[in-house]
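Colleague: I have a structure here, written as structure tokens, and I will follow up with some questions on it.
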Amino acid sequence: MNPLQVFRVALRALLRNKLRSFLTALGVIIGVAAVIAMVAIGEGAKAKVEEAFASMGSNLIIVMPGTTTSGGAYGGFGSAPTLTWEDLAAIRRELPAVRRAAALLRTGSQVLSEDSNWTTTVFGTSPEYFAIRSWTASAGRLLNDADVEGSAKVALVGATVVEKLFGAGVDPTGQFLRIKGVPFEVVGVLAKKGQSPMGQDFDDAVYVPQSTWMSRVQGGLQKYLSGVIFAGATSAADTARAQQQVAGLLRDRHRIPRGGDDDFSIRNLTEMASAQQAGTQTLTALLASIAAVSLLVGGIGIMNIMLVSVTERTREIGIRMAIGAKPRNILAQFLVESLVLSLLGGLLGVVLGLGVAFKLGQQMGWPVLVRPEIVALSVGFSALVGMLFGIYPARKASRMDPIEALRFE
């Protein structure tokens, strides 16, 4: 028999018991669907995490000032000014692993336009900050060095502030807003960044030159920074090295003895992102493993039903052998039946898995990323399961004694 004839005979045998064939393939369908759905959702979750941390900035390090102590109670990092403007200049000048560094000064304030008001966060910073955060302007321009040097009364606003003060879809470039009674010209609107993983709205903010912030908005602390330092490493691979260099420089500048506690804190967001991705990958691997077990259970179901089929068709096997069918023909027929059963189950599982993945992704608001190699691997694995679990029933059928098979009732 040629392969086409073997396939036709096998398919005809499976179609004689459609419901039983479908129920047998159901284990494979569920297993493949679970693999496709879980991996697609897991990859989407991973992309979501990467997107969230990318919105914070590239290769980002945050240096926070020290902590206050009163009556044995610690105020936490950021409660005492320990970082100086000279520290910032030294980080920019002396550390090869740091590409850029910028101060970020912060205060809450009510901001007024001609007919609206909104309470938001007002930041003072320099042009380097937006380069570190990979942040562009959707309208107008960003702050520049001339704004900082001249203490210009100009402001960059986020999309949320634009909506609250000027209305949705309005370009406020060239208009004025007031911060603590001081008029500021809006020179640009920042591109939307959305929320941080902790729920902070990056777009609900106003940015002014740091020199203007200290002279017009909040006031400065002379040589001390009343905020934090953002630093961008030269590359993702250099982020840990940049963190070590910053820590070493500040300990040396602040004359902290060996073994003494730091009077600052450094946050490495690359490590946080890696931890998030590792957690997502672990969960995806766990779910994929569970799905693989489902595939194996489906394979056992195929072997079971093929054994039943061999028993039911004993006389048919005897007749085929009596008219000239060789053991290898019988072996091929039952192997092909098992393969077709598992392969069709795998294809149906792909369709079901993609449907479930897109439905869950839509409900959770996650992107769904389908990896073609995972789809191909799942279908290939389902076919392999069918072949492996079909060998024993097929060998049993091919080794029957034709005389005993013809006598079977």
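How things are named: the first chain in the structure tokens is A, the next is B, and so on; residues count from 1 in each chain; ligands count from 1 in the order shown.
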Excluding same-chain residues fewer than 4 positions from Thr121 in chain A, what lies within 7 Å of it counting only C-alpha atoms, as a list in words?
Modeller: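 Everything that qualifies: Arg106, Thr107, Gly108, Ser109, Ala205 and Val206 of chain A.
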Colleague: Considering only alpha helix (DSSP H) as DSSP defines it on the backbone, what residues of range 309-400 of chain A qualify? List them as a VMD selection string.
Modeller: chain A and resid 309 to 312 314 to 322 327 to 364 372 to 398
Colleague: Within 12 Å of Thr311 in chain A, counting only C-alpha atoms, which residues show up once you throw out same-chain ones fewer than 3 positions away? Write them as a list in words, please.
Modeller: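 In the requested form, the answer reads Asn304, Ile305, Met306, Leu307, Val308, Thr314, Arg315, Glu316, Ile317, Gly318, Pro393, Ala394, Lys396, Ala397, Met400, Ala405, Phe408 and Glu409 of chain A.
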Colleague: With N, CA and C atoms retained, could you export that selection as a CSV table (one decimal), in the first residue's frame?
Modeller:
chain,number,residue,atom,x,y,z
A,304,ASN,N,-4.9,4.3,24.9
A,304,ASN,CA,-6.0,3.5,25.4
A,304,ASN,C,-7.0,3.2,24.4
A,305,ILE,N,-7.4,4.3,23.6
A,305,ILE,CA,-8.5,4.1,22.6
A,305,ILE,C,-8.0,3.3,21.4
A,306,MET,N,-6.7,3.4,21.1
A,306,MET,CA,-6.1,2.6,20.0
A,306,MET,C,-6.1,1.1,20.4
A,307,LEU,N,-5.8,0.8,21.7
A,307,LEU,CA,-5.8,-0.6,22.1
A,307,LEU,C,-7.2,-1.1,22.0
A,308,VAL,N,-8.2,-0.3,22.4
A,308,VAL,CA,-9.6,-0.7,22.2
A,308,VAL,C,-9.9,-1.0,20.8
A,314,THR,N,-10.0,-6.9,15.5
A,314,THR,CA,-9.2,-8.1,15.4
A,314,THR,C,-9.5,-8.9,14.1
A,315,ARG,N,-10.8,-9.2,13.9
A,315,ARG,CA,-11.2,-9.9,12.7
A,315,ARG,C,-10.8,-9.2,11.4
A,316,GLU,N,-10.9,-7.9,11.4
A,316,GLU,CA,-10.5,-7.1,10.3
A,316,GLU,C,-9.1,-7.3,10.0
A,317,ILE,N,-8.3,-7.2,11.1
A,317,ILE,CA,-6.8,-7.4,10.9
A,317,ILE,C,-6.5,-8.8,10.4
A,318,GLY,N,-7.2,-9.8,10.9
A,318,GLY,CA,-7.0,-11.2,10.4
A,318,GLY,C,-7.3,-11.3,8.9
A,393,PRO,N,0.1,0.0,20.6
A,393,PRO,CA,-1.1,-0.6,20.0
A,393,PRO,C,-0.8,-1.1,18.6
A,394,ALA,N,0.0,-0.3,17.8
A,394,ALA,CA,0.3,-0.7,16.4
A,394,ALA,C,1.1,-2.0,16.4
A,396,LYS,N,1.2,-4.3,18.6
A,396,LYS,CA,0.3,-5.4,19.1
A,396,LYS,C,-0.5,-5.9,17.9
A,397,ALA,N,-1.1,-4.9,17.1
A,397,ALA,CA,-1.9,-5.3,16.0
A,397,ALA,C,-1.1,-6.0,14.9
A,400,MET,N,-0.2,-9.9,15.5
A,400,MET,CA,-1.3,-10.9,15.6
A,400,MET,C,-1.1,-12.1,14.7
A,405,ALA,N,-6.7,-14.4,14.8
A,405,ALA,CA,-7.5,-13.2,14.6
A,405,ALA,C,-8.8,-13.5,13.9
A,408,PHE,N,-11.4,-14.9,16.2
A,408,PHE,CA,-11.9,-14.0,17.3
A,408,PHE,C,-13.3,-13.6,17.1
A,409,GLU,N,-14.1,-13.7,18.2
A,409,GLU,CA,-15.5,-13.3,18.2
A,409,GLU,C,-15.7,-11.9,18.9
Colleague: Considering only C-alpha atoms, return as a list in words whatever protein or nucleic-acid residues lie within 9 Å of Met214 in chain A, sequence-local ones (same chain, fewer than 5 positions apart) excluded.
Modeller: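 That gives Leu105, Gly124, Pro209, Gly219, Gly220 and Leu221 of chain A.
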Colleague: One decimal, in Å: what's the spacing between CA of Val35 in chain A and CA of Ala383 in chain A?
Modeller: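 Taking CA of Val35 in chain A as the start and CA of Ala383 in chain A as the end point, the length is 14.6 Å.
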Colleague: For a quick check of understanding, using only C-alpha atoms, which of A:Ser309, A:Gly355, A:Phe334, A:Ser289 has the smallest distance to Gly31 in chain A?
Modeller: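 Looking at the shortest contact to Gly31 in chain A, the residue is A:Ser289.
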Colleague: Hey, which of A:Ala137, A:Ala285, A:Leu112, A:Ala146 ends up closest to Gln175 in chain A? Count only C-alpha atoms.
Modeller: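 Under the stated criterion, the closest residue is A:Leu112.
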Colleague: For Phe176 in chain A, list every protein, DNA or RNA residue within 6 Å, evaluated using only C-alpha atoms, and leave out those in the same chain fewer than 3 positions away; present the list as a ChimeraX atom specification.
Modeller: /A:184-186
Colleague: Restricting the output to C-alpha atoms, write the selected residues as a PDB file, in the first residue's frame.
Modeller:
ATOM      1  CA  PHE A 184       4.896  80.553  33.055  1.00  0.00           C
ATOM      2  CA  GLU A 185       4.726  80.220  29.286  1.00  0.00           C
ATOM      3  CA  VAL A 186       3.926  76.704  28.078  1.00  0.00           C
TER       4      VAL A 186
END
Colleague: Nearest to Val375 in chain A among A:Pro172, A:Pro127, A:Gly227, A:Gly346, with distances taken over only C-alpha atoms: which residue is it?
Modeller: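 Counting only C-alpha atoms, the residue closest to Val375 in chain A is A:Gly346.
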